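Peer 1: Provided below: model_38.pdb, containing PDB, C-alpha atoms and all ligand atoms.
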ATOM      1  CA  MET A   1      10.424   1.981   9.083
ATOM      2  CA  VAL A   2       9.371   2.136   5.461
ATOM      3  CA  ASN A   3       9.398   5.596   3.901
ATOM      4  CA  SER A   4       6.058   6.503   2.324
ATOM      5  CA  ASN A   5       7.216   9.029  -0.353
ATOM      6  CA  ASN A   6       4.069   9.807  -2.313
ATOM      7  CA  LYS A   7       2.895   6.220  -2.336
ATOM      8  CA  ASN A   8      -0.207   6.395  -0.310
ATOM      9  CA  GLY A   9      -1.782   3.073  -1.191
ATOM     10  CA  VAL A  10      -0.971  -0.446  -0.067
ATOM     11  CA  ALA A  11      -0.897  -3.658  -2.081
ATOM     12  CA  LEU A  12      -0.864  -6.977  -0.240
ATOM     13  CA  ILE A  13       0.932  -9.760  -2.032
ATOM     14  CA  GLY A  14       1.985 -13.294  -1.139
ATOM     15  CA  PHE A  15       1.225 -16.948  -1.632
ATOM     16  CA  MET A  16      -2.296 -18.335  -1.359
ATOM     17  CA  GLY A  17      -3.290 -18.845   2.262
ATOM     18  CA  THR A  18      -0.896 -16.311   3.773
ATOM     19  CA  GLY A  19      -3.781 -14.167   5.021
ATOM     20  CA  LYS A  20      -3.938 -11.351   2.439
ATOM     21  CA  THR A  21      -7.735 -11.211   2.317
ATOM     22  CA  THR A  22      -8.285 -11.421   6.081
ATOM     23  CA  VAL A  23      -5.597  -8.840   6.770
ATOM     24  CA  GLY A  24      -6.864  -6.615   3.939
ATOM     25  CA  LEU A  25     -10.385  -6.609   5.378
ATOM     26  CA  GLU A  26      -9.136  -5.734   8.863
ATOM     27  CA  LEU A  27      -6.844  -2.992   7.562
ATOM     28  CA  SER A  28      -9.678  -1.581   5.480
ATOM     29  CA  LYS A  29     -11.946  -1.472   8.540
ATOM     30  CA  LYS A  30      -9.301   0.104  10.722
ATOM     31  CA  LEU A  31      -8.179   2.710   8.199
ATOM     32  CA  LYS A  32     -11.568   3.301   6.586
ATOM     33  CA  ARG A  33      -9.965   2.783   3.223
ATOM     34  CA  GLU A  34     -11.437   1.164   0.172
ATOM     35  CA  LEU A  35     -10.225  -2.397  -0.442
ATOM     36  CA  ILE A  36     -10.106  -3.965  -3.881
ATOM     37  CA  ASN A  37      -9.708  -7.714  -4.041
ATOM     38  CA  VAL A  38      -8.210  -8.406  -7.463
ATOM     39  CA  ASP A  39      -9.767 -11.875  -7.780
ATOM     40  CA  LEU A  40     -13.244 -10.550  -6.946
ATOM     41  CA  TYR A  41     -12.698  -7.694  -9.399
ATOM     42  CA  ILE A  42     -11.894 -10.251 -12.125
ATOM     43  CA  GLU A  43     -14.888 -12.412 -11.185
ATOM     44  CA  ASP A  44     -17.134  -9.346 -11.442
ATOM     45  CA  GLU A  45     -15.683  -8.303 -14.791
ATOM     46  CA  THR A  46     -15.883 -11.747 -16.364
ATOM     47  CA  ASN A  47     -18.955 -13.095 -14.603
ATOM     48  CA  MET A  48     -17.026 -16.261 -13.913
ATOM     49  CA  SER A  49     -15.371 -17.678 -10.811
ATOM     50  CA  ILE A  50     -11.571 -17.918 -10.830
ATOM     51  CA  ALA A  51     -11.866 -21.718 -10.906
ATOM     52  CA  GLU A  52     -14.171 -21.489 -13.929
ATOM     53  CA  ILE A  53     -11.776 -19.144 -15.781
ATOM     54  CA  PHE A  54      -8.897 -21.597 -15.250
ATOM     55  CA  LYS A  55     -11.043 -24.544 -16.289
ATOM     56  CA  ARG A  56     -12.522 -22.985 -19.414
ATOM     57  CA  HIS A  57      -9.664 -20.809 -20.642
ATOM     58  CA  GLY A  58      -6.497 -21.919 -18.847
ATOM     59  CA  GLU A  59      -3.936 -20.144 -16.676
ATOM     60  CA  GLY A  60      -2.457 -18.032 -19.509
ATOM     61  CA  TYR A  61      -5.787 -16.356 -20.129
ATOM     62  CA  PHE A  62      -6.302 -15.776 -16.410
ATOM     63  CA  ARG A  63      -2.847 -14.136 -16.153
ATOM     64  CA  LYS A  64      -3.720 -11.817 -19.027
ATOM     65  CA  ILE A  65      -6.954 -10.592 -17.460
ATOM     66  CA  GLU A  66      -5.213 -10.387 -14.106
ATOM     67  CA  SER A  67      -2.645  -7.998 -15.642
ATOM     68  CA  ASP A  68      -5.436  -5.981 -17.291
ATOM     69  CA  ALA A  69      -7.157  -5.716 -13.908
ATOM     70  CA  ILE A  70      -3.943  -4.438 -12.268
ATOM     71  CA  GLU A  71      -3.584  -1.822 -15.043
ATOM     72  CA  GLU A  72      -7.050  -0.529 -14.184
ATOM     73  CA  ILE A  73      -6.847  -0.799 -10.399
ATOM     74  CA  LYS A  74      -3.453   0.950 -10.218
ATOM     75  CA  ARG A  75      -5.154   4.230 -11.133
ATOM     76  CA  GLU A  76      -6.953   4.320  -7.794
ATOM     77  CA  ILE A  77      -5.101   6.419  -5.238
ATOM     78  CA  GLY A  78      -4.843   5.691  -1.538
ATOM     79  CA  ILE A  79      -6.671   2.391  -1.521
ATOM     80  CA  LEU A  80      -5.798  -1.113  -0.328
ATOM     81  CA  ILE A  81      -5.307  -3.828  -2.938
ATOM     82  CA  ASP A  82      -5.579  -7.500  -2.079
ATOM     83  CA  CYS A  83      -3.671  -9.233  -4.885
ATOM     84  CA  GLY A  84      -4.015 -12.842  -5.976
ATOM     85  CA  GLY A  85      -0.964 -14.950  -5.174
ATOM     86  CA  GLY A  86       0.345 -14.886  -8.735
ATOM     87  CA  VAL A  87       0.138 -11.150  -9.425
ATOM     88  CA  CYS A  88       3.788 -10.466  -8.665
ATOM     89  CA  LEU A  89       5.094 -13.193 -10.943
ATOM     90  CA  LYS A  90       4.970 -10.655 -13.782
ATOM     91  CA  PHE A  91       7.371  -7.761 -13.465
ATOM     92  CA  ASP A  92       4.976  -5.417 -15.297
ATOM     93  CA  ASN A  93       2.386  -6.001 -12.601
ATOM     94  CA  ILE A  94       4.928  -5.142  -9.910
ATOM     95  CA  GLU A  95       5.890  -1.936 -11.718
ATOM     96  CA  ASN A  96       2.237  -0.968 -12.081
ATOM     97  CA  LEU A  97       1.493  -1.582  -8.423
ATOM     98  CA  ARG A  98       4.590   0.349  -7.360
ATOM     99  CA  GLU A  99       3.402   3.561  -8.992
ATOM    100  CA  ASN A 100       0.971   4.390  -6.200
ATOM    101  CA  ASN A 101       1.457   1.733  -3.580
ATOM    102  CA  LYS A 102       3.770   0.314  -1.008
ATOM    103  CA  ILE A 103       3.899  -3.443  -1.465
ATOM    104  CA  ILE A 104       3.565  -5.683   1.567
ATOM    105  CA  LEU A 105       4.473  -9.343   1.276
ATOM    106  CA  LEU A 106       2.743 -11.728   3.676
ATOM    107  CA  GLU A 107       4.553 -15.006   4.247
ATOM    108  CA  ALA A 108       3.715 -18.252   6.036
ATOM    109  CA  SER A 109       5.263 -21.698   6.295
ATOM    110  CA  SER A 110       4.150 -24.378   3.839
ATOM    111  CA  GLU A 111       2.782 -26.369   6.802
ATOM    112  CA  ASN A 112       0.531 -23.500   7.860
ATOM    113  CA  ILE A 113      -0.528 -22.744   4.290
ATOM    114  CA  PHE A 114      -1.465 -26.403   3.919
ATOM    115  CA  LYS A 115      -3.444 -26.359   7.187
ATOM    116  CA  ARG A 116      -5.341 -23.252   6.064
ATOM    117  CA  LEU A 117      -6.118 -24.494   2.548
ATOM    118  CA  GLU A 118      -6.360 -28.258   2.968
ATOM    119  CA  ASN A 119     -10.128 -28.307   2.359
ATOM    120  CA  ASP A 120     -10.273 -25.383  -0.071
ATOM    121  CA  THR A 121     -11.707 -26.054  -3.503
ATOM    122  CA  THR A 122     -11.430 -22.563  -4.996
ATOM    123  CA  ARG A 123      -7.691 -22.503  -5.845
ATOM    124  CA  PRO A 124      -7.232 -24.293  -9.175
ATOM    125  CA  LEU A 125      -3.439 -24.366  -8.855
ATOM    126  CA  LEU A 126      -3.634 -26.425  -5.681
ATOM    127  CA  SER A 127      -6.853 -28.372  -6.020
ATOM    128  CA  LYS A 128      -5.275 -31.240  -7.947
ATOM    129  CA  ASN A 129      -2.092 -31.193  -5.952
ATOM    130  CA  MET A 130      -2.811 -30.215  -2.364
ATOM    131  CA  SER A 131       0.297 -31.243  -0.439
ATOM    132  CA  ILE A 132       3.012 -29.596   1.634
ATOM    133  CA  GLU A 133       5.595 -30.782  -0.917
ATOM    134  CA  TYR A 134       3.822 -29.103  -3.816
ATOM    135  CA  ILE A 135       3.243 -25.895  -1.850
ATOM    136  CA  ASN A 136       6.972 -25.899  -1.037
ATOM    137  CA  LYS A 137       7.827 -26.341  -4.698
ATOM    138  CA  LEU A 138       5.645 -23.389  -5.765
ATOM    139  CA  LEU A 139       6.919 -21.259  -2.881
ATOM    140  CA  GLU A 140      10.489 -21.954  -3.930
ATOM    141  CA  GLU A 141       9.725 -21.037  -7.560
ATOM    142  CA  ARG A 142       8.025 -17.803  -6.520
ATOM    143  CA  LYS A 143      10.212 -16.632  -3.656
ATOM    144  CA  LYS A 144      12.492 -14.468  -5.789
ATOM    145  CA  SER A 145       9.605 -12.602  -7.479
ATOM    146  CA  TYR A 146       7.828 -12.011  -4.179
ATOM    147  CA  HIS A 147      10.957 -10.651  -2.533
ATOM    148  CA  LEU A 148      11.818  -8.493  -5.506
ATOM    149  CA  ALA A 149       8.416  -6.818  -5.279
ATOM    150  CA  ALA A 150       8.215  -6.343  -1.511
ATOM    151  CA  ASP A 151       8.812  -3.091   0.377
ATOM    152  CA  LEU A 152       7.938  -4.831   3.610
ATOM    153  CA  ILE A 153       7.838  -8.535   4.502
ATOM    154  CA  ILE A 154       5.668  -9.858   7.312
ATOM    155  CA  ASN A 155       5.559 -13.420   8.521
ATOM    156  CA  THR A 156       2.032 -14.362   9.545
ATOM    157  CA  ASP A 157       2.736 -17.705  11.230
ATOM    158  CA  TYR A 158       1.171 -17.924  14.694
ATOM    159  CA  LYS A 159       0.088 -14.279  14.699
ATOM    160  CA  THR A 160      -3.448 -12.974  15.059
ATOM    161  CA  VAL A 161      -4.904 -10.723  12.371
ATOM    162  CA  GLU A 162      -4.750  -7.833  14.846
ATOM    163  CA  GLU A 163      -1.040  -8.452  15.492
ATOM    164  CA  ILE A 164      -0.316  -8.495  11.762
ATOM    165  CA  VAL A 165      -2.267  -5.280  11.197
ATOM    166  CA  GLU A 166      -0.393  -3.571  14.060
ATOM    167  CA  GLU A 167       2.912  -4.693  12.571
ATOM    168  CA  ILE A 168       1.910  -3.172   9.238
ATOM    169  CA  LEU A 169       0.860   0.096  10.868
ATOM    170  CA  GLU A 170       4.102   0.296  12.865
ATOM    171  CA  ASN A 171       6.132  -0.095   9.702
ATOM    172  CA  LEU A 172       4.083   2.112   7.407
ATOM    173  CA  SER A 173       3.689   5.201   9.539
ATOM    174  CA  PHE A 174       1.828   7.117   6.832
ATOM    175  CA  LEU A 175      -1.113   4.742   7.306
ATOM    176  CA  LYS A 176      -1.543   5.682  10.950
ATOM    177  CA  LYS A 177      -2.793   9.139  10.070
ATOM    178  CA  ASN A 178      -6.259   7.964   9.181
ATOM    179  CA  ARG A 179      -6.784   4.941  11.371
ATOM    180  CA  SER A 180     -10.141   4.852  13.093
ATOM    181  CA  ASP A 181      -9.075   4.031  16.674
TER     182      ASP A 181
HETATM  183  C1  LIG A 201      -3.324 -17.718  -7.480
HETATM  184  C2  LIG A 201      -3.858 -17.246  -6.301
HETATM  185  C3  LIG A 201      -5.291 -17.005  -6.117
HETATM  186  C4  LIG A 201      -5.970 -16.725  -7.467
HETATM  187  C5  LIG A 201      -5.657 -17.801  -8.442
HETATM  188  C6  LIG A 201      -4.150 -17.949  -8.692
HETATM  189  C7  LIG A 201      -1.864 -17.958  -7.575
HETATM  190  O1  LIG A 201      -5.509 -15.902  -5.240
HETATM  191  O2  LIG A 201      -5.573 -15.480  -7.964
HETATM  192  O3  LIG A 201      -6.200 -19.000  -7.976
HETATM  193  O4  LIG A 201      -1.338 -18.115  -8.670
HETATM  194  O5  LIG A 201      -1.202 -17.976  -6.504
HETATM  195  P1  LIG A 201      -5.243 -15.970  -3.631
HETATM  196  O6  LIG A 201      -3.784 -15.775  -3.405
HETATM  197  O7  LIG A 201      -6.046 -14.838  -3.101
HETATM  198  O8  LIG A 201      -5.714 -17.292  -3.177
END
The structure given in the file should be rewritten as structure tokens.

Peer 2:
Amino acid sequence: MVNSNNKNGVALIGFMGTGKTTVGLELSKKLKRELINVDLYIEDETNMSIAEIFKRHGEGYFRKIESDAIEEIKREIGILIDCGGGVCLKFDNIENLRENNKIILLEASSENIFKRLENDTTRPLLSKNMSIEYINKLLEERKKSYHLAADLIINTDYKTVEEIVEEILENLSFLKKNRSD
């Protein structure tokens, strides 16, 4: 059981295709809590799609506005934050998220990530290199940062969204107080 302290919010982190957005939406419905999707927040702020930002300005620029977005979003209390897969690669972002949130890492095997994203065209980091080998390489590079950030780790392979949400609620008892069922 993860102790809540005064951290009343939840940030979902993890590699692309691990289910953060789907799980975030279901959690938000169940708990009647606001959900901020960091990528959508950035797209709104910049009036560009994530793919366009990468194409026009490069990854470095994206990472900078991603960090700025986290700085702003961290001020919200008691919400759910659906983070892009690279948010926790910067320690400052982790520290910012930690101020008001418990951090949940969603994991999945490279085979399942590949199956989920095979036909996706919105992830610039994978679009030119969509293969299990490349996903494995990125996962390996990122594993340490993800684990360093996580208060709770949940494997999503072969689980339904409902099962994952229940697992989160069982482990973060403070969330159960305002669930809607
Ligand atoms: C990224 C993940 C994406 C998006 C961007 C970079 C990453 O978000 O932020 O394409 O570096 O892993 P999702 O994890 O929601 O796909």

Peer 1: With all atoms listed in the file counted, collect every polymer residue having an atom within 9 Å of ligand LIG 201 (chain A); state the result as a PyMOL selection string.

Peer 2: chain A and resi 13-21+37-39+50-51+54+59+62-63+66+82-87+89+122-126+138

Peer 1: Could you check how far CA of Asn171 (chain A) sits from CA of Ile103 (chain A), in Å to one decimal?

Peer 2: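 Taking CA of Asn171 (chain A) and CA of Ile103 (chain A), their separation equals 11.9 Å.
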
Peer 1: Work out how far CA of Glu34 (chain A) is from CA of Lys159 (chain A), in Å to one decimal.

Peer 2: 24.1 Å

Peer 1: Grab all the atoms of region 28-43 of chain A that the file lists, wrap them in a box along x, y and z, add 3 Å per side, and give me centre plus edge lengths in Å (one decimal) as JSON.

Peer 2:
{"center_x": -11.5, "center_y": -4.6, "center_z": -0.7, "size_x": 12.7, "size_y": 21.7, "size_z": 28.8}

Peer 1: Looking at A:Arg33, A:Glu166, A:Arg75, A:Ile81, which one is nearest to Lys102 (chain A), with distances taken over all atoms listed in the file?

Peer 2: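 That would be A:Ile81, the residue with the smallest distance to Lys102 (chain A).
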
Peer 1: Can you pull out the residues contacting Phe114 (chain A)? Cut-off 8 Å, using all atoms listed in the file, and skip same-chain residues under 5 positions away; I want them as a PDB file with C-alpha atoms, in the frame of the given file.

Peer 2:
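In the end it all went to result.pdb:
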ATOM      1  CA  GLY A  17      -3.290 -18.845   2.262  1.00  0.00           C
ATOM      2  CA  MET A 130      -2.811 -30.215  -2.364  1.00  0.00           C
ATOM      3  CA  SER A 131       0.297 -31.243  -0.439  1.00  0.00           C
ATOM      4  CA  ILE A 132       3.012 -29.596   1.634  1.00  0.00           C
ATOM      5  CA  ILE A 135       3.243 -25.895  -1.850  1.00  0.00           C
TER       6      ILE A 135
END

Peer 1: Give me the result of the PyMOL selection byres (((chain A and resi 154) around 12) and not hetatm) on this file, residue by residue, as a ChimeraX atom specification.

Peer 2: /A:12-14,18-20,23,103-109,146-147,150-153,155-159,161,163-171

Peer 1: Choose the residue, out of A:Leu117, A:Ile42, A:Ser49, A:Asn101, that has the smallest atom-to-atom separation from Asn129 (chain A); count all atoms listed in the file.

Peer 2: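 Of the candidates, the smallest distance to Asn129 (chain A) is held by A:Leu117.
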
Peer 1: Have a look at CA of Glu72 (chain A) and CA of Leu35 (chain A) and let me know their distance in Å, one decimal.

Peer 2: 14.2 Å

Peer 1: Return the single residue from A:Glu52, A:Asp92, A:Ile65, A:Leu175 that is closest to Thr121 (chain A), with distances computed using all atoms listed in the file.

Peer 2: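 So, comparing all the options, the nearest one is A:Glu52.
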
Peer 1: With distances taken over all atoms listed in the file, which residue among A:Lys74, A:Lys29, A:Lys144, A:Lys55 lies nearest Arg98 (chain A)?

Peer 2: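 Between A:Lys74, A:Lys29, A:Lys144, A:Lys55, the residue approaching Arg98 (chain A) most closely is A:Lys74.
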
Peer 1: Rank A:Ile77, A:Lys30, A:Phe91, A:Tyr61 by their smallest atom-to-atom distance to Thr46 (chain A), using all atoms listed in the file, and report the top residue only.

Peer 2: A:Tyr61

Peer 1: Taking all atoms listed in the file into account, name the residue in A:Ile113, A:Leu172, A:Leu80, A:Ala69 that is nearest to Leu139 (chain A).

Peer 2: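 Checking each candidate against Leu139 (chain A), we get A:Ile113 as the closest.
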